[in-house]
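As provided, structure_11.cif (mmCIF, C-alpha atoms) reads as follows.
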```cif
data_start
loop_
_atom_site.label_atom_id
_atom_site.label_comp_id
_atom_site.auth_asym_id
_atom_site.auth_seq_id
_atom_site.Cartn_x
_atom_site.Cartn_y
_atom_site.Cartn_z
CA MET Y 1 90.84 62.66 109.48
CA SER Y 2 90.96 61.54 113.08
CA ARG Y 3 92.66 63.52 115.83
CA ARG Y 4 95.38 60.92 116.31
CA LEU Y 5 96.25 60.84 112.62
CA ARG Y 6 96.42 64.61 112.52
CA LEU Y 7 98.74 64.68 115.56
CA LEU Y 8 100.92 62.02 113.96
CA LEU Y 9 101.14 64.02 110.72
CA PHE Y 10 101.93 67.16 112.69
CA THR Y 11 104.73 65.42 114.64
CA LEU Y 12 106.19 63.97 111.44
CA ALA Y 13 106.15 67.36 109.72
CA MET Y 14 107.75 68.97 112.78
CA LEU Y 15 110.50 66.34 112.86
CA CYS Y 16 111.24 66.93 109.19
CA THR Y 17 111.30 70.73 109.22
CA LEU Y 18 112.51 71.60 112.73
CA PRO Y 19 116.25 70.88 112.14
CA ALA Y 20 116.23 73.02 109.00
CA VAL Y 21 114.37 75.87 110.72
CA GLY Y 22 116.72 75.67 113.71
CA ARG Y 23 119.78 75.72 111.47
CA ILE Y 24 118.54 78.78 109.55
CA ALA Y 25 117.59 80.56 112.79
CA ALA Y 26 121.07 79.95 114.21
CA HIS Y 27 122.72 81.45 111.13
CA MET Y 28 120.53 84.55 110.83
CA PRO Y 29 122.28 87.92 110.86
CA ARG Y 30 122.15 89.76 114.18
CA PHE Y 31 119.04 91.87 114.89
CA GLY Y 32 119.44 95.22 113.15
CA ALA Y 33 122.51 94.20 111.15
CA HIS Y 34 122.31 94.68 107.39
CA PRO Y 35 125.10 92.70 105.74
CA LEU Y 36 123.89 93.25 102.16
CA PRO Y 37 125.43 96.17 100.26
CA TYR Y 38 122.30 97.24 98.31
CA GLY Y 39 120.77 99.45 101.00
CA ASP Y 40 123.95 101.46 101.44
CA ALA Y 41 124.42 101.70 97.67
CA ILE Y 42 120.90 103.11 97.20
CA ASN Y 43 121.29 105.49 100.15
CA ASP Y 44 124.44 106.77 98.49
CA ALA Y 45 123.22 106.88 94.87
CA ALA Y 46 119.57 108.01 94.98
CA PRO Y 47 120.04 111.55 96.36
CA ARG Y 48 122.89 112.09 93.89
CA GLU Y 49 121.39 110.50 90.78
CA ARG Y 50 117.67 111.13 91.30
CA HIS Y 51 117.52 114.08 93.75
CA VAL Y 52 115.13 112.29 96.14
CA THR Y 53 115.34 111.61 99.87
CA ASN Y 54 112.80 108.75 100.06
CA MET Y 55 114.82 105.76 98.89
CA VAL Y 56 111.81 103.43 98.93
CA THR Y 57 110.11 105.58 96.30
CA ALA Y 58 113.34 105.77 94.29
CA VAL Y 59 113.61 101.98 94.26
CA ASN Y 60 109.92 101.28 93.62
CA PHE Y 61 109.18 103.90 90.98
CA ASP Y 62 112.55 104.25 89.28
CA TYR Y 63 115.33 101.71 89.85
CA ARG Y 64 112.91 98.77 89.66
CA GLY Y 65 109.91 100.61 88.25
CA PHE Y 66 109.21 97.82 85.78
CA ASP Y 67 108.53 95.39 88.65
CA THR Y 68 106.16 97.89 90.21
CA LEU Y 69 104.27 98.05 86.91
CA GLY Y 70 103.65 94.31 87.33
CA GLU Y 71 102.43 94.85 90.89
CA GLU Y 72 100.19 97.65 89.68
CA PHE Y 73 98.57 95.29 87.20
CA MET Y 74 98.19 92.63 89.89
CA LEU Y 75 96.07 95.15 91.81
CA LEU Y 76 94.12 96.00 88.65
CA CYS Y 77 93.49 92.30 87.92
CA ALA Y 78 92.46 91.58 91.54
CA VAL Y 79 89.98 94.47 91.61
CA THR Y 80 88.64 93.55 88.16
CA GLY Y 81 88.19 89.98 89.40
CA VAL Y 82 86.22 91.15 92.44
CA VAL Y 83 84.03 93.43 90.31
CA VAL Y 84 83.32 90.61 87.84
CA LEU Y 85 82.58 88.06 90.58
CA LEU Y 86 80.32 90.36 92.61
CA ARG Y 87 78.57 91.97 89.65
CA GLY Y 88 74.80 92.15 89.73
CA ALA Y 89 72.25 94.75 90.65
CA ARG Y 90 72.17 93.91 94.37
CA GLY Y 91 72.66 97.07 96.45
CA GLN Y 92 73.14 99.33 93.44
CA ASP Y 93 69.90 101.17 94.01
CA LEU Y 94 70.66 103.79 96.65
CA SER Y 95 67.40 103.01 98.44
CA ALA Y 96 68.38 99.36 98.91
CA GLU Y 97 67.42 98.11 102.35
CA PRO Y 98 70.10 96.66 104.62
CA GLY Y 99 70.06 92.89 104.70
CA GLU Y 100 68.82 91.27 107.87
CA VAL Y 101 70.39 88.57 109.97
CA VAL Y 102 67.93 86.63 112.09
CA GLY Y 103 68.30 87.55 115.76
CA ARG Y 104 70.51 90.58 115.20
CA GLU Y 105 68.97 94.04 115.33
CA ILE Y 106 70.12 96.94 113.19
CA ALA Y 107 71.13 99.61 115.67
CA ASP Y 108 70.69 103.33 114.98
CA ARG Y 109 73.80 105.38 114.35
CA ALA Y 110 74.89 107.34 117.41
CA ASP Y 111 75.26 111.12 117.05
CA ALA Y 112 78.81 110.87 118.37
CA THR Y 113 79.72 108.50 115.52
CA VAL Y 114 78.31 110.87 112.90
CA LEU Y 115 80.12 113.86 114.43
CA LEU Y 116 83.42 112.03 114.78
CA CYS Y 117 83.32 110.68 111.24
CA ARG Y 118 82.43 114.06 109.75
CA ALA Y 119 85.30 115.66 111.66
CA ILE Y 120 87.92 112.99 111.01
CA ALA Y 121 87.16 111.77 107.47
CA PRO Y 122 88.22 114.99 105.68
CA LEU Y 123 91.38 115.17 107.82
CA ILE Y 124 92.32 111.60 106.91
CA VAL Y 125 91.69 112.25 103.21
CA VAL Y 126 93.87 115.39 103.34
CA PHE Y 127 96.59 113.49 105.21
CA GLY Y 128 96.47 110.75 102.57
CA ILE Y 129 96.85 113.31 99.79
CA TYR Y 130 99.79 114.82 101.71
CA VAL Y 131 101.47 111.43 102.04
CA ALA Y 132 100.97 110.73 98.33
CA LEU Y 133 102.19 114.18 97.24
CA HIS Y 134 105.41 114.00 99.28
CA ALA Y 135 106.37 110.56 97.98
CA THR Y 136 109.88 111.56 96.96
CA VAL Y 137 110.66 113.52 100.14
CA THR Y 138 109.17 111.81 103.20
CA PRO Y 139 108.17 108.19 104.02
CA GLY Y 140 105.06 107.01 102.25
CA GLY Y 141 104.05 107.46 98.65
CA GLY Y 142 101.31 106.73 96.16
CA PHE Y 143 100.30 103.38 97.61
CA GLN Y 144 100.33 104.47 101.25
CA GLY Y 145 98.62 107.78 100.50
CA GLY Y 146 96.07 105.97 98.33
CA VAL Y 147 95.04 103.47 100.99
CA ILE Y 148 94.79 106.28 103.58
CA VAL Y 149 92.48 108.29 101.28
CA ALA Y 150 90.39 105.16 100.61
CA SER Y 151 90.05 104.48 104.35
CA GLY Y 152 89.03 108.11 104.91
CA LEU Y 153 86.31 107.72 102.27
CA LEU Y 154 85.18 104.55 104.03
CA LEU Y 155 84.60 106.59 107.20
CA LEU Y 156 81.84 108.35 105.24
CA TYR Y 157 79.99 105.04 105.25
CA LEU Y 158 80.36 104.76 109.00
CA GLY Y 159 79.12 108.32 109.51
CA GLU Y 160 76.52 108.80 106.79
CA GLY Y 161 75.15 105.30 106.24
CA TYR Y 162 74.98 103.33 103.01
CA ARG Y 163 72.78 105.72 101.08
CA GLY Y 164 74.75 108.87 101.94
CA TRP Y 165 78.04 107.10 101.29
CA ARG Y 166 77.02 105.84 97.86
CA ARG Y 167 75.73 109.31 97.00
CA LEU Y 168 79.14 110.83 97.86
CA VAL Y 169 81.38 108.03 96.57
CA ARG Y 170 80.39 107.42 92.95
CA SER Y 171 81.70 104.17 91.54
CA ARG Y 172 81.98 105.65 88.00
CA LEU Y 173 84.59 108.15 89.24
CA PHE Y 174 86.61 105.45 90.97
CA ASP Y 175 86.40 103.18 87.91
CA ALA Y 176 88.10 106.04 86.06
CA PHE Y 177 90.67 106.45 88.87
CA GLU Y 178 91.56 102.77 88.79
CA GLY Y 179 91.90 102.46 85.03
CA GLY Y 180 93.31 105.95 84.50
CA GLY Y 181 95.97 105.47 87.18
CA ALA Y 182 97.22 102.26 85.61
CA ALA Y 183 97.13 103.90 82.15
CA LEU Y 184 99.13 106.87 83.47
CA PHE Y 185 101.81 104.48 84.81
CA VAL Y 186 102.07 102.76 81.40
CA ALA Y 187 102.13 106.12 79.60
CA ALA Y 188 104.95 107.29 81.90
CA GLY Y 189 106.84 104.16 80.90
CA LEU Y 190 106.20 104.51 77.17
CA ALA Y 191 106.85 108.28 76.91
CA PRO Y 192 110.67 107.97 77.13
CA MET Y 193 110.54 105.37 74.35
CA LEU Y 194 109.12 108.04 72.00
CA LEU Y 195 112.38 109.92 72.60
CA GLY Y 196 114.35 106.81 71.73
CA ARG Y 197 115.26 106.07 75.38
CA PRO Y 198 114.64 102.88 77.40
CA PHE Y 199 111.23 102.12 78.96
CA LEU Y 200 110.59 104.20 82.12
CA GLU Y 201 113.91 106.06 81.94
CA ASN Y 202 113.79 109.19 84.05
CA VAL Y 203 113.80 111.84 81.31
CA LEU Y 204 112.05 114.67 83.17
CA PRO Y 205 114.02 117.38 85.02
CA LEU Y 206 114.92 115.99 88.44
CA GLY Y 207 114.32 119.15 90.45
CA GLN Y 208 115.90 120.09 93.75
CA LEU Y 209 116.75 117.67 96.54
CA ARG Y 210 114.20 117.87 99.44
CA ASP Y 211 111.68 119.66 97.22
CA MET Y 212 108.16 118.23 96.83
CA LEU Y 213 108.51 118.38 93.04
CA SER Y 214 111.77 116.42 92.88
CA GLY Y 215 112.34 113.06 91.24
CA GLY Y 216 111.22 113.77 87.67
CA LEU Y 217 109.28 110.91 86.14
CA MET Y 218 108.82 109.31 89.58
CA LEU Y 219 106.17 111.96 90.32
CA VAL Y 220 104.08 110.89 87.32
CA VAL Y 221 104.40 107.20 88.20
CA ASN Y 222 103.56 108.03 91.81
CA ALA Y 223 100.43 109.93 90.76
CA GLY Y 224 99.34 106.97 88.63
CA VAL Y 225 99.81 104.57 91.54
CA ALA Y 226 97.98 106.90 93.95
CA PHE Y 227 94.94 107.19 91.65
CA ALA Y 228 94.89 103.47 90.94
CA VAL Y 229 95.11 102.55 94.63
CA VAL Y 230 92.37 105.00 95.70
CA GLY Y 231 90.18 103.71 92.88
CA GLY Y 232 91.00 100.04 93.47
CA PHE Y 233 90.40 100.01 97.22
CA THR Y 234 87.25 102.13 97.01
CA LEU Y 235 85.79 99.88 94.28
CA LEU Y 236 86.62 96.88 96.46
CA PHE Y 237 84.76 98.46 99.39
CA ILE Y 238 81.77 99.41 97.21
CA GLU Y 239 81.47 95.92 95.68
CA PHE Y 240 81.72 94.23 99.07
CA MET Y 241 79.33 96.60 100.83
CA GLU Y 242 76.73 96.02 98.09
CA GLU Y 243 76.61 92.43 99.32
CA THR Y 244 75.33 93.58 102.72
CA ARG Y 245 72.11 94.90 101.16
CA ALA Y 246 68.95 92.83 100.94
CA VAL Y 247 68.41 90.99 97.66
CA ARG Y 248 65.44 92.17 95.64
CA GLU Y 249 63.50 90.35 92.98
CA GLY Y 250 65.57 90.18 89.79
CA ASP Y 251 68.80 91.57 91.32
CA ASP Y 252 71.11 88.63 90.89
CA PRO Y 253 70.18 85.57 88.91
CA GLY Y 254 70.45 82.55 91.19
CA GLU Y 255 69.93 84.45 94.42
CA HIS Y 256 66.65 84.49 96.30
CA PRO Y 257 65.19 87.66 97.73
CA THR Y 258 65.22 87.62 101.54
CA MET V 1 117.24 95.87 121.26
CA SER V 2 115.29 98.39 123.31
CA VAL V 3 112.61 97.65 125.89
CA LEU V 4 109.97 99.11 123.55
CA LEU V 5 110.87 96.70 120.76
CA ALA V 6 110.93 93.73 123.15
CA MET V 7 107.47 94.68 124.43
CA LEU V 8 106.13 95.05 120.89
CA PHE V 9 107.53 91.66 119.89
CA VAL V 10 105.78 90.05 122.86
CA LEU V 11 102.55 91.87 121.93
CA VAL V 12 102.79 90.69 118.31
CA ALA V 13 103.31 87.10 119.46
CA ALA V 14 100.45 87.36 121.96
CA SER V 15 97.97 88.90 119.51
CA GLY V 16 98.99 86.42 116.82
CA THR V 17 98.34 83.56 119.23
CA GLY V 18 95.01 85.23 119.98
CA VAL V 19 94.07 84.97 116.30
CA VAL V 20 94.85 81.26 116.26
CA LEU V 21 93.09 80.51 119.53
CA SER V 22 89.84 82.42 118.91
CA ARG V 23 87.25 79.96 117.65
CA THR V 24 84.32 82.01 116.35
CA PRO V 25 85.01 83.66 112.96
CA ARG V 26 83.79 87.09 114.02
CA ARG V 27 86.06 87.15 117.06
CA GLN V 28 88.91 85.87 114.92
CA VAL V 29 88.49 88.79 112.48
CA LEU V 30 88.65 91.28 115.35
CA ALA V 31 91.71 89.51 116.78
CA MET V 32 93.30 89.81 113.34
CA ALA V 33 92.59 93.53 113.31
CA VAL V 34 94.30 93.88 116.71
CA ASN V 35 97.25 91.90 115.36
CA GLY V 36 97.43 94.29 112.37
CA LEU V 37 97.39 97.29 114.71
CA VAL V 38 100.21 95.87 116.86
CA LEU V 39 102.22 95.02 113.73
CA ALA V 40 101.81 98.61 112.52
CA LEU V 41 103.18 99.84 115.87
CA LEU V 42 106.12 97.45 115.55
CA PHE V 43 106.91 98.69 112.02
CA MET V 44 106.73 102.26 113.32
CA ALA V 45 109.16 101.40 116.13
CA LEU V 46 111.48 99.76 113.60
CA GLN V 47 111.55 103.07 111.68
CA ALA V 48 109.53 101.87 108.69
CA PRO V 49 106.64 104.37 108.74
CA ASP V 50 105.65 103.67 105.13
CA VAL V 51 105.12 99.98 105.84
CA ALA V 52 103.30 100.97 109.04
CA PHE V 53 100.85 103.12 107.03
CA SER V 54 100.03 100.23 104.71
CA GLU V 55 99.73 97.70 107.53
CA LEU V 56 97.53 100.03 109.56
CA VAL V 57 95.04 100.61 106.76
CA VAL V 58 95.16 97.24 105.02
CA GLY V 59 95.75 94.93 108.01
CA ALA V 60 93.76 96.71 110.69
CA ALA V 61 90.89 98.23 108.67
CA ALA V 62 90.38 97.06 105.08
CA LEU V 63 90.96 93.32 105.44
CA PRO V 64 88.86 92.88 108.63
CA LEU V 65 86.08 94.91 106.98
CA LEU V 66 86.05 92.62 103.93
CA PHE V 67 85.96 89.56 106.21
CA LEU V 68 83.13 91.04 108.31
CA VAL V 69 81.11 91.75 105.15
CA VAL V 70 81.61 88.17 103.98
CA LEU V 71 80.53 86.80 107.38
CA ALA V 72 77.45 89.04 107.40
CA SER V 73 76.60 88.01 103.83
CA ILE V 74 76.85 84.31 104.72
CA LYS V 75 74.64 84.85 107.79
CA MET V 76 72.04 86.72 105.72
CA ASP V 77 72.02 83.96 103.15
CA ARG V 78 71.57 81.28 105.81
CA GLY V 79 68.77 83.24 107.47
CA ALA V 80 66.92 83.49 104.17
CA ARG V 81 66.70 79.73 103.74
#
```
Full structure transcribed into structure tokens:
Amino acid sequence: MSRRLRLLLFTLAMLCTLPAVGRIAAHMPRFGAHPLPYGDAINDAAPRERHVTNMVTAVNFDYRGFDTLGEEFMLLCAVTGVVVLLRGARGQDLSAEPGEVVGREIADRADATVLLCRAIAPLIVVFGIYVALHATVTPGGGFQGGVIVASGLLLLYLGEGYRGWRRLVRSRLFDAFEGGGAALFVAAGLAPMLLGRPFLENVLPLGQLRDMLSGGLMLVVNAGVAFAVVGGFTLLFIEFMEETRAVREGDDPGEHPT
Amino acid sequence: MSVLLAMLFVLVAASGTGVVLSRTPRRQVLAMAVNGLVLALLFMALQAPDVAFSELVVGAAALPLLFLVVLASIKMDRGAR
């Protein structure tokens, strides 16, 4: 497509959409205003009905927990898709050499990097666990805590190198986290049905407001999400990082050793 | 709207424009990471720390890493031929 044609198409598209965009922008609510009643309703109801102070967790894991189950399985499907697409033996041997790019040297790891990663990675993992544990009390929750833990584990790669990282972060364990987390979520949904109650109804004791162990069934769902997210993200990192290793004879059918 | 928010909005717009205007893929990935970082700060300033956590890790660390790995893998593959 020539430059002129592209410009013409762009101008036409702008002419078509600009009035609509302008009209919507002019009728937007003021910055910071929240005209919808749902936020206030949740702020009012959740501490009373569910004994939690983090409304986001109350909405995600209880009031619309069924939707979150769908999101959970989207993550599971996405990670499964990545694992299936990138399967193959490339990089699975811990002694796999790093792949080489012509004209780019592989620099040695600086001592400062190793020191910093060793100091910070455990702190980040602990902080992630803290965020996940306090899902019903303070901002954050299973997803946020899970991604923080996964990023802390990734720092081990930066500090220890591929071999050390793969020795510490075993993919079998994180397979179990990913699948087990999703299974725990489903089990938390099905358990109330055994008592003759609706799917995912909060049947556990709700505990005290502002206590870490408040929220009843939300805590189980939150744990499932946390495990699944740690597992999912770490598996994603492992599968992708395997692709940075050099291909050996017989690793992946269809790929040539470098 | 406070001065802090106004500054962050300008930064988000500037770093977003930076993503669009950078031409080499590697530089674009890094620009995207900066954009993710600024967005996380904005969410923090708008009192949404949980969204800020996710944006910080996913937008500023995980996603750029996956892109960098893909770019490196493509380069390795091209070098091999």
At most 10 Å from (89.6, 86.4, 116.3), file frame, only C-alpha atoms: which residues, as an MDAnalysis selection string? chainID V and resid 15:35
Residues of chain Y within 8 Å of chain V: nearest atom pair and distance (Å, one decimal) for each, counting only C-alpha atoms, sorted by chain and number, as a tab-separated table?
```
residue	atom	partner	partner_atom	distance
Y:Phe31	CA	V:Met1	CA	7.7
Y:Gly99	CA	V:Met76	CA	6.6
Y:Glu100	CA	V:Met76	CA	6.0
Y:Val101	CA	V:Met76	CA	4.9
Y:Val102	CA	V:Gly79	CA	5.8
Y:Pro139	CA	V:Asp50	CA	5.3
Y:Gly140	CA	V:Asp50	CA	4.4
Y:Gly141	CA	V:Asp50	CA	7.7
Y:Phe143	CA	V:Ser54	CA	7.8
Y:Gln144	CA	V:Ser54	CA	5.5
Y:Val147	CA	V:Val57	CA	6.4
Y:Ile148	CA	V:Val57	CA	6.5
Y:Ser151	CA	V:Val57	CA	6.8
Y:Phe237	CA	V:Leu66	CA	7.5
Y:Phe240	CA	V:Val69	CA	6.6
Y:Met241	CA	V:Val69	CA	6.7
Y:Glu243	CA	V:Ser73	CA	6.3
Y:Thr244	CA	V:Ser73	CA	5.8
Y:His256	CA	V:Ala80	CA	7.9
Y:Pro257	CA	V:Ala80	CA	7.9
Y:Thr258	CA	V:Ala80	CA	5.2
```
Show me, as an MDAnalysis selection string, the residues that have an atom within 9 Å of region 225-234 of chain Y when counting all atoms listed in the file, minus same-chain residues fewer than 5 positions from it. (chainID Y and resid 72 75:76 78:80 129 132 141:151 153:154 169 171 173:182 184:185 220 239) or (chainID V and resid 62)
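Taking CA of Leu15 (chain Y) and CA of Ala13 (chain V) as the two end points, the separation is 22.9 Å.
As for CA of Gly250 (chain Y) and CA of Ala89 (chain Y), they are spaced 8.1 Å apart.
The list of residues with at least one atom within 10 Å of Phe9 (chain V), based on all atoms listed in the file and without residues fewer than 5 positions apart in the same chain, reads Val3, Leu4, Ala14, Ser15, Val38, Leu39 and Leu42 of chain V.
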Can you tell me, as JSON, the centre and edge lengths (Å, one decimal) of the axis-aligned box enclosing all of region 31-39 of chain V's listed atoms after padding each side by 5 Å?
```
{"center_x": 97.0, "center_y": 93.4, "center_z": 114.6, "size_x": 20.5, "size_y": 17.8, "size_z": 14.5}
```
